[in-house]
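Visitor: My structure is stored as model23.txt, with compact mmCIF, C-alpha atoms.
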```
# COMPACT_ATOMS: atom_id res chain seq x y z
CA MET Z 109 257.37 265.20 208.60
CA LEU Z 110 258.97 261.76 208.88
CA LEU Z 111 256.36 259.85 206.88
CA ASP Z 112 253.22 260.59 204.92
CA TYR Z 113 249.91 260.21 206.74
CA GLU Z 114 248.88 256.95 205.08
CA SER Z 115 252.18 255.26 205.88
CA LEU Z 116 252.02 256.45 209.48
CA LYS Z 117 248.59 254.90 209.90
CA LEU Z 118 249.97 251.55 208.79
CA VAL Z 119 253.10 251.92 210.94
CA TRP Z 120 251.04 252.64 214.05
CA TRP Z 121 248.74 249.71 213.38
CA ALA Z 122 251.82 247.48 213.30
CA LEU Z 123 253.38 249.12 216.37
CA ILE Z 124 250.26 248.66 218.48
CA VAL Z 125 250.13 244.99 217.49
CA VAL Z 126 253.80 244.70 218.53
CA LEU Z 127 253.10 246.35 221.90
CA TRP Z 128 250.26 243.95 222.67
CA ILE Z 129 252.47 241.03 221.66
CA GLY Z 130 255.17 242.34 224.01
CA PHE Z 131 252.61 242.50 226.82
CA ALA Z 132 251.37 238.97 226.11
CA LEU Z 133 254.88 237.49 225.93
CA THR Z 134 256.16 239.08 229.15
CA ASP Z 135 253.22 239.69 231.46
CA GLY Z 136 251.55 236.64 229.89
CA PHE Z 137 253.60 234.16 231.86
CA ASP Z 138 252.99 236.20 235.01
CA PHE Z 139 249.26 235.69 234.48
CA GLY Z 140 249.83 232.05 233.61
CA ILE Z 141 251.84 231.24 236.72
CA GLY Z 142 249.30 233.07 238.86
CA ALA Z 143 246.50 231.01 237.31
CA LEU Z 144 248.41 227.78 238.00
CA LEU Z 145 249.32 228.68 241.58
CA PRO Z 146 246.67 226.53 243.38
CA PHE Z 147 247.08 223.63 240.95
CA VAL Z 148 250.84 223.28 240.55
CA GLY Z 149 251.86 224.40 244.04
CA LYS Z 150 250.59 221.94 246.62
CA THR Z 151 252.63 223.19 249.57
CA ASP Z 152 253.53 226.64 250.82
CA VAL Z 153 257.16 226.23 249.73
CA GLU Z 154 256.14 225.11 246.24
CA ARG Z 155 253.90 228.14 245.85
CA ARG Z 156 256.71 230.40 246.99
CA VAL Z 157 258.94 228.83 244.34
CA MET Z 158 256.33 229.70 241.71
CA ILE Z 159 255.80 233.25 242.97
CA ASN Z 160 259.51 234.00 243.10
CA THR Z 161 260.07 232.96 239.48
CA ILE Z 162 258.06 236.04 238.46
CA ALA Z 163 258.36 238.31 241.53
CA PRO Z 164 261.35 240.37 240.28
CA HIS Z 165 259.80 240.98 236.87
CA TRP Z 166 256.00 241.18 236.95
CA ASP Z 167 255.80 244.94 237.60
CA GLY Z 168 258.32 245.69 234.84
CA ASN Z 169 256.38 243.43 232.49
CA GLN Z 170 253.22 245.38 233.21
CA VAL Z 171 254.86 248.44 231.64
CA TRP Z 172 254.00 246.83 228.28
CA LEU Z 173 250.30 247.05 229.19
CA ILE Z 174 250.64 250.70 230.17
CA LEU Z 175 252.55 251.47 226.98
CA ALA Z 176 250.04 249.60 224.79
CA ALA Z 177 247.08 251.36 226.42
CA GLY Z 178 248.84 254.72 226.14
CA ALA Z 179 249.62 254.15 222.47
CA LEU Z 180 246.00 253.18 221.89
CA PHE Z 181 244.88 256.45 223.46
CA ALA Z 182 247.34 258.61 221.52
CA ALA Z 183 247.21 256.90 218.12
CA TRP Z 184 243.54 255.82 218.01
CA PRO Z 185 241.61 258.19 220.30
CA LEU Z 186 238.24 257.20 218.82
CA VAL Z 187 238.95 253.53 219.55
CA TYR Z 188 240.14 254.34 223.06
CA GLY Z 189 237.03 256.39 223.78
CA ALA Z 190 234.63 253.80 222.37
CA ALA Z 191 236.38 250.85 224.04
CA PHE Z 192 236.62 252.39 227.49
CA SER Z 193 232.99 253.51 227.30
CA GLY Z 194 231.52 250.31 225.85
CA PHE Z 195 233.71 247.92 227.82
CA TYR Z 196 233.73 250.06 230.96
CA PHE Z 197 232.48 247.45 233.41
CA ALA Z 198 234.69 244.77 231.86
CA MET Z 199 237.70 247.09 232.18
CA LEU Z 200 236.86 247.71 235.84
CA ILE Z 201 236.85 243.96 236.46
CA VAL Z 202 240.30 243.71 234.86
CA LEU Z 203 241.55 246.68 236.88
CA PHE Z 204 240.37 245.27 240.20
CA ALA Z 205 241.86 241.87 239.29
CA LEU Z 206 245.21 243.56 238.62
CA PHE Z 207 245.04 245.21 242.07
CA PHE Z 208 245.36 241.78 243.66
CA ARG Z 209 248.80 241.16 242.20
CA PRO Z 210 250.92 243.77 244.01
CA VAL Z 211 248.88 243.39 247.18
CA GLY Z 212 249.04 239.61 246.99
CA PHE Z 213 252.78 239.51 246.39
CA ASP Z 214 253.52 241.94 249.22
CA TYR Z 215 251.14 240.63 251.87
CA ARG Z 216 251.05 236.88 251.25
CA SER Z 217 254.15 236.00 253.26
CA LYS Z 218 253.68 238.59 256.01
CA LEU Z 219 252.02 236.00 258.26
CA GLU Z 220 252.86 232.33 258.70
CA ASN Z 221 249.22 231.38 258.70
CA SER Z 222 247.90 228.84 256.20
CA ARG Z 223 244.44 230.42 255.88
CA TRP Z 224 245.99 233.86 255.31
CA ARG Z 225 248.38 232.56 252.65
CA ASN Z 226 245.77 230.40 250.94
CA ALA Z 227 243.44 233.40 250.66
CA TRP Z 228 246.15 235.47 248.98
CA ASP Z 229 247.07 232.54 246.73
CA MET Z 230 243.47 232.36 245.51
CA SER Z 231 243.48 236.11 244.88
CA LEU Z 232 246.67 235.78 242.82
CA SER Z 233 245.07 232.95 240.86
CA TYR Z 234 242.01 235.13 240.26
CA ALA Z 235 244.31 237.90 239.05
CA GLY Z 236 245.94 235.44 236.65
CA ILE Z 237 242.70 234.11 235.13
CA VAL Z 238 240.33 237.07 234.90
CA PRO Z 239 242.34 239.58 232.77
CA PRO Z 240 243.24 237.08 230.00
CA PHE Z 241 239.63 235.92 229.93
CA ILE Z 242 238.25 239.47 229.65
CA PHE Z 243 240.82 240.40 226.99
CA GLY Z 244 239.88 237.27 225.03
CA VAL Z 245 236.16 238.05 225.30
CA ALA Z 246 236.85 241.59 224.06
CA VAL Z 247 238.71 240.31 220.99
CA GLY Z 248 235.97 237.78 220.31
CA ASN Z 249 233.40 240.57 220.35
CA LEU Z 250 235.37 242.49 217.74
CA PHE Z 251 234.69 239.68 215.25
CA LEU Z 252 231.01 239.68 216.17
CA GLY Z 253 230.77 243.47 216.10
CA VAL Z 254 229.95 245.81 218.96
CA PRO Z 255 226.84 248.05 219.19
CA LEU Z 256 228.68 251.26 218.32
CA HIS Z 257 227.37 254.08 216.15
CA TYR Z 258 227.77 257.85 215.70
CA ASP Z 259 225.31 260.70 215.27
CA GLU Z 260 225.68 263.65 212.91
CA TYR Z 261 227.93 265.42 215.44
CA LEU Z 262 230.25 262.39 215.64
CA ARG Z 263 229.13 261.62 219.16
CA ALA Z 264 229.66 257.93 219.89
CA TYR Z 265 226.86 255.75 221.27
CA PHE Z 266 227.35 252.26 222.66
CA ASP Z 267 224.03 250.47 223.05
CA GLY Z 268 225.12 247.24 224.74
CA GLY Z 269 225.96 246.25 228.31
CA PHE Z 270 228.43 243.94 229.99
CA PHE Z 271 226.32 240.79 229.71
CA SER Z 272 225.70 241.41 226.01
CA LEU Z 273 229.42 240.78 225.52
CA LEU Z 274 229.15 237.22 226.82
CA ARG Z 275 228.23 235.57 223.54
CA PRO Z 276 229.30 231.98 222.75
CA PHE Z 277 232.10 232.84 220.29
CA ALA Z 278 233.42 235.55 222.64
CA LEU Z 279 233.36 233.13 225.59
CA VAL Z 280 235.41 230.62 223.59
CA SER Z 281 237.82 233.45 222.77
CA GLY Z 282 238.07 234.16 226.49
CA LEU Z 283 238.88 230.53 227.21
CA LEU Z 284 241.51 230.61 224.47
CA GLY Z 285 243.06 233.71 226.08
CA VAL Z 286 243.30 231.95 229.45
CA ALA Z 287 244.62 228.71 227.96
CA MET Z 288 247.18 230.54 225.79
CA LEU Z 289 248.76 232.58 228.60
CA THR Z 290 248.55 229.76 231.15
CA MET Z 291 250.35 227.50 228.67
CA HIS Z 292 253.00 230.20 228.31
CA GLY Z 293 253.28 230.48 232.10
CA ALA Z 294 253.70 226.72 232.51
CA ALA Z 295 256.56 226.74 229.99
CA TYR Z 296 258.27 229.62 231.79
CA LEU Z 297 257.83 227.80 235.09
CA MET Z 298 259.57 224.75 233.64
CA VAL Z 299 262.51 226.90 232.55
CA ARG Z 300 262.92 228.55 235.96
CA THR Z 301 262.55 225.47 238.21
CA SER Z 302 264.57 222.34 238.84
CA PRO Z 303 263.58 219.17 236.91
CA ASP Z 304 263.96 217.19 240.14
CA GLU Z 305 261.18 219.03 241.97
CA MET Z 306 257.43 218.53 241.80
CA VAL Z 307 256.66 222.08 240.69
CA HIS Z 308 258.59 221.45 237.49
CA LYS Z 309 256.96 218.06 236.89
CA ARG Z 310 253.43 219.35 237.47
CA ALA Z 311 254.11 222.38 235.27
CA ARG Z 312 255.19 220.01 232.48
CA ASN Z 313 251.97 218.01 232.80
CA TYR Z 314 249.82 221.12 232.76
CA LEU Z 315 251.76 222.50 229.81
CA SER Z 316 250.94 219.37 227.81
CA LEU Z 317 247.23 219.66 228.60
CA LEU Z 318 247.11 223.39 227.95
CA ALA Z 319 248.94 223.07 224.63
CA ILE Z 320 246.26 220.63 223.49
CA ALA Z 321 243.55 223.02 224.71
CA VAL Z 322 245.10 225.96 222.83
CA PHE Z 323 245.39 223.91 219.63
CA VAL Z 324 241.76 222.75 219.81
CA LEU Z 325 240.27 226.11 220.83
CA PHE Z 326 242.25 228.04 218.20
CA ALA Z 327 241.27 225.57 215.46
CA LEU Z 328 237.64 225.73 216.62
CA GLU Z 329 237.66 229.54 216.44
CA GLY Z 330 239.06 229.40 212.90
CA VAL Z 331 236.39 226.98 211.68
CA TRP Z 332 233.72 229.05 213.45
CA LEU Z 333 234.88 232.22 211.68
CA TRP Z 334 234.94 230.41 208.35
CA LEU Z 335 231.52 228.78 208.56
CA GLY Z 336 229.47 230.65 211.12
CA ILE Z 337 230.36 234.34 211.34
CA ASP Z 338 229.89 236.97 208.64
CA GLY Z 339 232.64 239.57 208.35
CA LEU Z 340 232.85 243.17 207.20
CA GLN Z 341 234.25 244.51 203.95
CA ILE Z 342 234.83 248.11 202.90
CA THR Z 343 233.07 248.67 199.58
CA SER Z 344 233.83 252.37 199.01
CA ALA Z 345 237.11 253.94 197.94
CA ILE Z 346 239.69 254.48 200.68
CA ASP Z 347 241.77 257.64 200.96
CA GLY Z 348 244.61 256.81 203.31
CA ASN Z 349 245.51 260.47 203.72
CA ALA Z 350 242.00 261.62 204.64
CA GLN Z 351 241.27 263.20 208.02
CA PRO Z 352 239.57 260.90 210.57
CA ASN Z 353 235.82 260.46 210.08
CA PRO Z 354 234.38 256.96 210.59
CA THR Z 355 231.00 257.80 209.02
CA THR Z 356 232.00 258.52 205.41
CA LYS Z 357 232.82 255.01 204.16
CA GLN Z 358 230.54 252.21 202.98
CA VAL Z 359 230.84 248.80 204.62
CA SER Z 360 228.99 245.56 203.77
CA LEU Z 361 228.42 242.38 205.74
CA VAL Z 362 229.90 239.51 203.72
CA ALA Z 363 230.02 235.79 204.51
CA GLY Z 364 233.58 234.67 205.27
CA ALA Z 365 234.98 238.20 204.96
CA TRP Z 366 237.18 237.84 208.06
CA LEU Z 367 239.27 235.32 206.13
CA ASN Z 368 239.62 237.39 202.94
CA ASN Z 369 242.98 238.88 203.91
CA TYR Z 370 244.61 235.46 203.75
CA SER Z 371 243.94 235.29 200.02
CA ILE Z 372 244.75 238.98 199.41
CA TYR Z 373 248.00 238.84 201.43
CA PRO Z 374 249.14 235.17 201.23
CA LEU Z 375 252.01 235.55 203.73
CA THR Z 376 249.52 236.28 206.51
CA ILE Z 377 248.63 232.58 206.56
CA LEU Z 378 251.86 232.15 208.53
CA ALA Z 379 250.12 233.64 211.58
CA PRO Z 380 247.53 230.86 212.15
CA VAL Z 381 250.14 228.27 211.18
CA MET Z 382 252.43 229.67 213.91
CA GLY Z 383 249.57 229.59 216.39
CA LEU Z 384 248.83 225.93 215.74
CA LEU Z 385 252.39 224.64 215.26
CA GLY Z 386 253.63 226.57 218.28
CA ALA Z 387 251.05 224.88 220.52
CA PHE Z 388 251.85 221.48 219.01
CA GLY Z 389 255.59 222.09 219.40
CA ALA Z 390 255.11 223.11 223.04
CA PHE Z 391 253.36 219.78 223.69
CA ILE Z 392 256.19 217.82 222.05
CA MET Z 393 258.93 219.75 223.84
CA ALA Z 394 257.22 219.44 227.20
CA ARG Z 395 257.04 215.66 226.87
CA ALA Z 396 260.67 215.60 225.71
CA GLU Z 397 261.73 217.62 228.81
CA LYS Z 398 263.12 220.55 226.82
CA PRO Z 399 261.88 223.61 228.74
CA GLY Z 400 263.71 226.23 226.67
CA MET Z 401 262.30 224.90 223.41
CA ALA Z 402 258.86 224.60 225.01
CA LEU Z 403 258.98 228.29 225.98
CA LEU Z 404 260.10 229.21 222.47
CA ASN Z 405 257.15 227.31 221.03
CA THR Z 406 254.61 228.86 223.39
CA SER Z 407 256.01 232.27 222.41
CA ILE Z 408 255.57 231.41 218.73
CA SER Z 409 252.01 230.30 219.42
CA VAL Z 410 251.17 233.51 221.32
CA ILE Z 411 252.60 235.67 218.52
CA GLY Z 412 250.75 233.65 215.88
CA ILE Z 413 247.38 233.84 217.65
CA ILE Z 414 247.57 237.60 218.24
CA CYS Z 415 248.72 238.25 214.68
CA THR Z 416 245.90 236.04 213.37
CA ALA Z 417 243.35 238.25 215.11
CA ALA Z 418 245.04 241.41 213.81
CA PHE Z 419 245.38 240.17 210.22
CA SER Z 420 241.83 238.83 210.12
CA LEU Z 421 240.32 242.12 211.29
CA PHE Z 422 242.57 244.36 209.15
CA PRO Z 423 241.85 247.20 208.43
CA PHE Z 424 239.05 247.15 211.02
CA ILE Z 425 239.85 247.96 214.64
CA MET Z 426 236.37 248.09 216.17
CA PRO Z 427 233.63 246.76 213.87
CA SER Z 428 230.08 247.95 214.50
CA SER Z 429 227.15 245.54 214.59
CA VAL Z 430 224.58 248.39 214.61
CA ASN Z 431 225.83 250.33 211.60
CA PRO Z 432 228.75 248.57 209.85
CA SER Z 433 229.62 251.79 207.99
CA HIS Z 434 230.39 253.40 211.37
CA SER Z 435 233.01 250.78 212.19
CA LEU Z 436 236.38 252.13 213.23
CA THR Z 437 239.33 251.32 210.98
CA LEU Z 438 242.99 252.25 211.00
CA TRP Z 439 242.23 254.72 208.17
CA ASP Z 440 239.58 256.78 209.96
CA ALA Z 441 240.15 256.44 213.71
CA THR Z 442 243.67 257.84 214.01
CA SER Z 443 245.15 260.98 215.49
CA SER Z 444 246.51 263.81 213.37
CA HIS Z 445 249.52 263.52 211.09
CA LEU Z 446 251.63 265.63 213.47
CA THR Z 447 250.64 263.57 216.51
CA LEU Z 448 251.58 260.30 214.85
CA ASN Z 449 254.94 261.69 213.78
CA ILE Z 450 255.78 262.97 217.27
CA MET Z 451 254.73 259.65 218.79
CA LEU Z 452 256.90 257.77 216.30
CA ILE Z 453 259.95 259.77 217.41
CA ALA Z 454 259.15 259.11 221.07
CA THR Z 455 258.66 255.41 220.37
CA ALA Z 456 261.97 255.19 218.50
CA ILE Z 457 263.66 256.47 221.67
CA PHE Z 458 261.74 254.73 224.45
CA LEU Z 459 260.81 251.35 222.96
CA PRO Z 460 264.47 250.24 222.59
CA THR Z 461 265.02 251.50 226.16
CA LEU Z 462 262.14 249.35 227.39
CA ILE Z 463 263.43 246.30 225.54
CA GLY Z 464 266.98 246.94 226.77
CA TYR Z 465 266.18 247.24 230.47
CA THR Z 466 263.82 244.24 230.24
CA ILE Z 467 266.63 242.08 228.83
CA TRP Z 468 269.08 243.42 231.44
CA CYS Z 469 266.69 242.65 234.31
CA TYR Z 470 266.13 239.07 233.17
CA ARG Z 471 269.83 238.53 232.60
CA ALA Z 472 270.77 239.95 236.01
CA LEU Z 473 268.16 237.95 237.91
CA TRP Z 474 268.20 234.73 235.91
CA GLY Z 475 268.58 231.34 237.54
CA LYS Z 476 266.71 228.34 238.89
CA ILE Z 477 264.34 228.90 241.80
CA THR Z 478 264.36 225.82 244.02
CA GLU Z 479 262.91 224.85 247.38
CA GLU Z 480 266.43 224.96 248.82
CA PHE Z 481 266.88 228.50 247.51
CA ILE Z 482 263.62 229.53 249.19
CA GLY Z 483 264.79 228.00 252.47
CA ASP Z 484 268.17 229.71 252.33
CA ASN Z 485 266.58 233.11 251.64
CA ASP Z 486 263.44 232.70 253.67
CA HIS Z 487 263.24 236.28 254.97
CA SER Z 488 264.25 238.11 251.79
CA LEU Z 489 261.86 236.47 249.30
CA TYR Z 490 258.12 236.52 248.84
```
Once you've parsed the file, please lay out its structure as structure tokens.

Guide:
Amino acid sequence: MLLDYESLKLVWWALIVVLWIGFALTDGFDFGIGALLPFVGKTDVERRVMINTIAPHWDGNQVWLILAAGALFAAWPLVYGAAFSGFYFAMLIVLFALFFRPVGFDYRSKLENSRWRNAWDMSLSYAGIVPPFIFGVAVGNLFLGVPLHYDEYLRAYFDGGFFSLLRPFALVSGLLGVAMLTMHGAAYLMVRTSPDEMVHKRARNYLSLLAIAVFVLFALEGVWLWLGIDGLQITSAIDGNAQPNPTTKQVSLVAGAWLNNYSIYPLTILAPVMGLLGAFGAFIMARAEKPGMALLNTSISVIGIICTAAFSLFPFIMPSSVNPSHSLTLWDATSSHLTLNIMLIATAIFLPTLIGYTIWCYRALWGKITEEFIGDNDHSLY
């Protein structure tokens, strides 16, 4: 065996966080540009400029989502089963929204008809807004707890429905998810377009507004967690090498418990600091007309916000509001020791491959997308 069971559980917690960060950083600006399509692009050519900044990469970026979901299934099967049962309708909404992207990209420019193209543009915008919102709502519900519990045969029961997920804190989390990725998309759009064209200028203005929105929403969520939401705390002894069984531990509801890790592990405070300073830096760099630095700062903000959620919940993965002691944690929701070891070997091979071909694709297809470029390649571009 490569590592002991306890260490593997920690390693896979970190790897899954990394995979979701990779998805947010790459496919995030695809969602963001899609969301901005009707607002930044005022003419057909401007919208084609926006679409073609992401057209060569969006499907490759989506591999991160597939890999993250696959890792979730293989490393945390109990979480995967509970999430895809409890959030089934929400996941279907995300899935159908994602359908619009390949169809929209491929069919939008098939006809030179404004109503046809506008309809597909709206579908691409829908596909850019809905998934980040649903993902944000899902994360918000983790802090509130989901109605999950087990019987004596370890059969999972999820007592809530789709509309029970739409609680105020979760809705704010959804708005933060949309604002965060749309901010990231606006920064990427600035990098890939010419400063002389209106797409670039409008993207800069939206980036400034969205950076403020991210800063305010993220700060609001932090204060809300501190003052208004009780967290969970494991009160029984933890055996990191024990076989998975989410019903054997004791968990208590404690005021302010979601912020306890920042005093136990002081370095974790860097995550919320990155989230706030990254958004503030993106605003400053957008106004200073420094697209590359703006994109770097939005990336820092995205990483900080996702890590803040992960560090705050640690070691919980899916807290239960019905029976807190049945909450799923990284200690009791994992696959077997052998499975985690085999997956670690596979990840050591394929994750560098994924990163390598992603970098190669961006390097090979890098460059400014302008209205002149669209005109010169009218029949070979989206």

Visitor: Which neighbours of Z:Met158 fall inside 12 Å, counting all atoms listed in the file, when residues of the same chain fewer than 4 positions from it are skipped, and could you give them as JSON, numbers by chain?

Guide: {"Z": [137, 138, 139, 140, 141, 142, 143, 144, 145, 146, 147, 148, 149, 150, 151, 152, 153, 154, 162, 163, 164, 213, 229, 232, 233, 293, 294, 296, 297, 298, 299, 300, 301, 302, 305, 306, 307, 308, 310, 311, 476, 477, 478, 479, 482, 489, 490]}

Visitor: Just C-alpha atoms for this one: save the residues we selected as a tab-separated table (two decimals), in the frame of the given file.

Guide:
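In the end it all went to part-v9.tsv:
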```
chain	number	residue	atom	x	y	z
Z	137	PHE	CA	253.60	234.16	231.86
Z	138	ASP	CA	252.99	236.20	235.01
Z	139	PHE	CA	249.26	235.69	234.48
Z	140	GLY	CA	249.83	232.05	233.61
Z	141	ILE	CA	251.84	231.24	236.72
Z	142	GLY	CA	249.30	233.07	238.86
Z	143	ALA	CA	246.50	231.01	237.31
Z	144	LEU	CA	248.41	227.78	238.00
Z	145	LEU	CA	249.32	228.68	241.58
Z	146	PRO	CA	246.67	226.53	243.38
Z	147	PHE	CA	247.08	223.63	240.95
Z	148	VAL	CA	250.84	223.28	240.55
Z	149	GLY	CA	251.86	224.40	244.04
Z	150	LYS	CA	250.59	221.94	246.62
Z	151	THR	CA	252.63	223.19	249.57
Z	152	ASP	CA	253.53	226.64	250.82
Z	153	VAL	CA	257.16	226.23	249.73
Z	154	GLU	CA	256.14	225.11	246.24
Z	162	ILE	CA	258.06	236.04	238.46
Z	163	ALA	CA	258.36	238.31	241.53
Z	164	PRO	CA	261.35	240.37	240.28
Z	213	PHE	CA	252.78	239.51	246.39
Z	229	ASP	CA	247.07	232.54	246.73
Z	232	LEU	CA	246.67	235.78	242.82
Z	233	SER	CA	245.07	232.95	240.86
Z	293	GLY	CA	253.28	230.48	232.10
Z	294	ALA	CA	253.70	226.72	232.51
Z	296	TYR	CA	258.27	229.62	231.79
Z	297	LEU	CA	257.83	227.80	235.09
Z	298	MET	CA	259.57	224.75	233.64
Z	299	VAL	CA	262.51	226.90	232.55
Z	300	ARG	CA	262.92	228.55	235.96
Z	301	THR	CA	262.55	225.47	238.21
Z	302	SER	CA	264.57	222.34	238.84
Z	305	GLU	CA	261.18	219.03	241.97
Z	306	MET	CA	257.43	218.53	241.80
Z	307	VAL	CA	256.66	222.08	240.69
Z	308	HIS	CA	258.59	221.45	237.49
Z	310	ARG	CA	253.43	219.35	237.47
Z	311	ALA	CA	254.11	222.38	235.27
Z	476	LYS	CA	266.71	228.34	238.89
Z	477	ILE	CA	264.34	228.90	241.80
Z	478	THR	CA	264.36	225.82	244.02
Z	479	GLU	CA	262.91	224.85	247.38
Z	482	ILE	CA	263.62	229.53	249.19
Z	489	LEU	CA	261.86	236.47	249.30
Z	490	TYR	CA	258.12	236.52	248.84
```

Visitor: Quick one: everything within 9 Å of stretch 195-202 of chain Z, counting only C-alpha atoms, minus sequence neighbours fewer than 5 positions away in the same chain. Send it as a CSV table (one decimal) with C-alpha atoms, keeping the file's coordinate frame.

Guide:
```
chain,number,residue,atom,x,y,z
Z,190,ALA,CA,234.6,253.8,222.4
Z,207,PHE,CA,245.0,245.2,242.1
Z,235,ALA,CA,244.3,237.9,239.0
Z,238,VAL,CA,240.3,237.1,234.9
Z,239,PRO,CA,242.3,239.6,232.8
Z,240,PRO,CA,243.2,237.1,230.0
Z,242,ILE,CA,238.2,239.5,229.6
Z,243,PHE,CA,240.8,240.4,227.0
Z,246,ALA,CA,236.8,241.6,224.1
Z,269,GLY,CA,226.0,246.2,228.3
Z,270,PHE,CA,228.4,243.9,230.0
Z,273,LEU,CA,229.4,240.8,225.5
```

Visitor: Between atom CA of Z:Val187 and atom CA of Z:Ile425, what is the distance, to one decimal in Å?

Guide: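 Interatomic distance, atom CA of Z:Val187 to atom CA of Z:Ile425: 7.5 Å.
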
Visitor: Give me, please, the distance in Å between atom CA of Z:Leu289 and atom CA of Z:Gly136, quoted to one decimal.

Guide: 5.1 Å

Visitor: List every protein, DNA or RNA residue with an atom no more than 8 Å from (257.3, 229.9, 225.7) in the file's coordinates, counting all atoms listed in the file, and format the result as a PyMOL selection string.

Guide: chain Z and resi 133+291-293+295-296+390+400-408

Visitor: Show me, as a tab-separated table, the residues of stretch 225-311 of chain Z having an atom within 10 Å of stretch 339-360 of chain Z, each with the closest atom pair and its distance in Å, using all atoms listed in the file.

Guide:
```
residue	atom	partner	partner_atom	distance
Z:Phe251	CA	Z:Gly339	CA	7.2
Z:Leu252	CA	Z:Gly339	CA	8.0
Z:Gly253	CA	Z:Gly339	CA	8.9
Z:His257	CA	Z:Thr355	CA	8.8
Z:Tyr258	CA	Z:Thr355	CA	7.4
Z:Asp259	CA	Z:Thr355	CA	8.9
Z:Glu260	CA	Z:Thr355	CA	8.8
Z:Leu262	CA	Z:Thr355	CA	8.1
```

Visitor: Name the residues in contact with Z:Ser428 at a cut-off of 7 Å, using only C-alpha atoms, excluding same-chain residues fewer than 6 positions from it; report them as JSON, numbers by chain.

Guide: {"Z": [253, 254, 255, 256, 257, 434, 435]}

Visitor: Suppose we keep C-alpha atoms; can you now write the selection as an mmCIF file, in the frame of the given file?

Guide:
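Listed below is the output, out04.cif:
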```cif
data_model
loop_
_atom_site.group_PDB
_atom_site.id
_atom_site.type_symbol
_atom_site.label_atom_id
_atom_site.label_comp_id
_atom_site.auth_asym_id
_atom_site.auth_seq_id
_atom_site.Cartn_x
_atom_site.Cartn_y
_atom_site.Cartn_z
ATOM 1 C CA GLY Z 253 230.770 243.470 216.100
ATOM 2 C CA VAL Z 254 229.950 245.810 218.960
ATOM 3 C CA PRO Z 255 226.840 248.050 219.190
ATOM 4 C CA LEU Z 256 228.680 251.260 218.320
ATOM 5 C CA HIS Z 257 227.370 254.080 216.150
ATOM 6 C CA HIS Z 434 230.390 253.400 211.370
ATOM 7 C CA SER Z 435 233.010 250.780 212.190
#
```

Visitor: Rounded to one decimal place, report the atom CA of Z:Pro303-atom CA of Z:Ala394 distance in Å.

Guide: 11.6 Å

Visitor: Quick one: everything within 10 Å of stretch 322-324 of chain Z, counting all atoms listed in the file, minus sequence neighbours fewer than 3 positions away in the same chain. Send it as a compact mmCIF listing (two decimals) with C-alpha atoms, keeping the file's coordinate frame.

Guide:
```txt
# COMPACT_ATOMS: atom_id res chain seq x y z
CA LEU Z 283 238.88 230.53 227.21
CA LEU Z 284 241.51 230.61 224.47
CA GLY Z 285 243.06 233.71 226.08
CA VAL Z 286 243.30 231.95 229.45
CA ALA Z 287 244.62 228.71 227.96
CA MET Z 288 247.18 230.54 225.79
CA LEU Z 289 248.76 232.58 228.60
CA THR Z 290 248.55 229.76 231.15
CA MET Z 291 250.35 227.50 228.67
CA LEU Z 317 247.23 219.66 228.60
CA LEU Z 318 247.11 223.39 227.95
CA ALA Z 319 248.94 223.07 224.63
CA ALA Z 327 241.27 225.57 215.46
CA LEU Z 328 237.64 225.73 216.62
CA GLU Z 329 237.66 229.54 216.44
CA GLY Z 330 239.06 229.40 212.90
CA GLY Z 383 249.57 229.59 216.39
CA LEU Z 384 248.83 225.93 215.74
CA LEU Z 385 252.39 224.64 215.26
CA GLY Z 386 253.63 226.57 218.28
CA ALA Z 387 251.05 224.88 220.52
CA PHE Z 388 251.85 221.48 219.01
CA PHE Z 391 253.36 219.78 223.69
CA THR Z 406 254.61 228.86 223.39
CA SER Z 409 252.01 230.30 219.42
CA VAL Z 410 251.17 233.51 221.32
CA ILE Z 413 247.38 233.84 217.65
```

Visitor: Could you list, as a list in words, every residue within 9 Å of Z:Met451, counting only C-alpha atoms and ignoring same-chain residues fewer than 3 positions away?

Guide: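 The residues satisfying every condition are Ala179, Ala182, Ala183, Leu446, Thr447, Leu448, Ala454, Thr455 and Ala456 of chain Z.
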
Visitor: When you count only C-alpha atoms, which of these residues is closest to Z:Trp128: Z:Ile392, Z:Ala176, Z:Val331, Z:Leu279?

Guide: Z:Ala176

Visitor: Smallest atom-to-atom distance to Z:Ile174: which of Z:Ile450, Z:Ala205, Z:Leu127, Z:Leu438, using only C-alpha atoms?

Guide: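 Nearest to Z:Ile174: Z:Leu127.
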
Visitor: Would you kindly place N, CA and C atoms on stretch 331-335 of chain Z and return the model as a PDB file, in the coordinates of the input?

Guide:
```pdb
ATOM      1  N   VAL Z 331     237.499 227.611 212.407  1.00  0.00           N
ATOM      2  CA  VAL Z 331     236.390 226.980 211.680  1.00  0.00           C
ATOM      3  C   VAL Z 331     235.105 227.769 211.901  1.00  0.00           C
ATOM      4  N   TRP Z 332     234.909 228.251 213.117  1.00  0.00           N
ATOM      5  CA  TRP Z 332     233.720 229.050 213.450  1.00  0.00           C
ATOM      6  C   TRP Z 332     233.680 230.331 212.619  1.00  0.00           C
ATOM      7  N   LEU Z 333     234.823 231.004 212.506  1.00  0.00           N
ATOM      8  CA  LEU Z 333     234.880 232.220 211.680  1.00  0.00           C
ATOM      9  C   LEU Z 333     234.594 231.909 210.215  1.00  0.00           C
ATOM     10  N   TRP Z 334     235.087 230.790 209.760  1.00  0.00           N
ATOM     11  CA  TRP Z 334     234.940 230.410 208.350  1.00  0.00           C
ATOM     12  C   TRP Z 334     233.498 230.077 208.004  1.00  0.00           C
ATOM     13  N   LEU Z 335     232.839 229.313 208.889  1.00  0.00           N
ATOM     14  CA  LEU Z 335     231.520 228.780 208.560  1.00  0.00           C
ATOM     15  C   LEU Z 335     230.355 229.498 209.217  1.00  0.00           C
TER      16      LEU Z 335
END
```
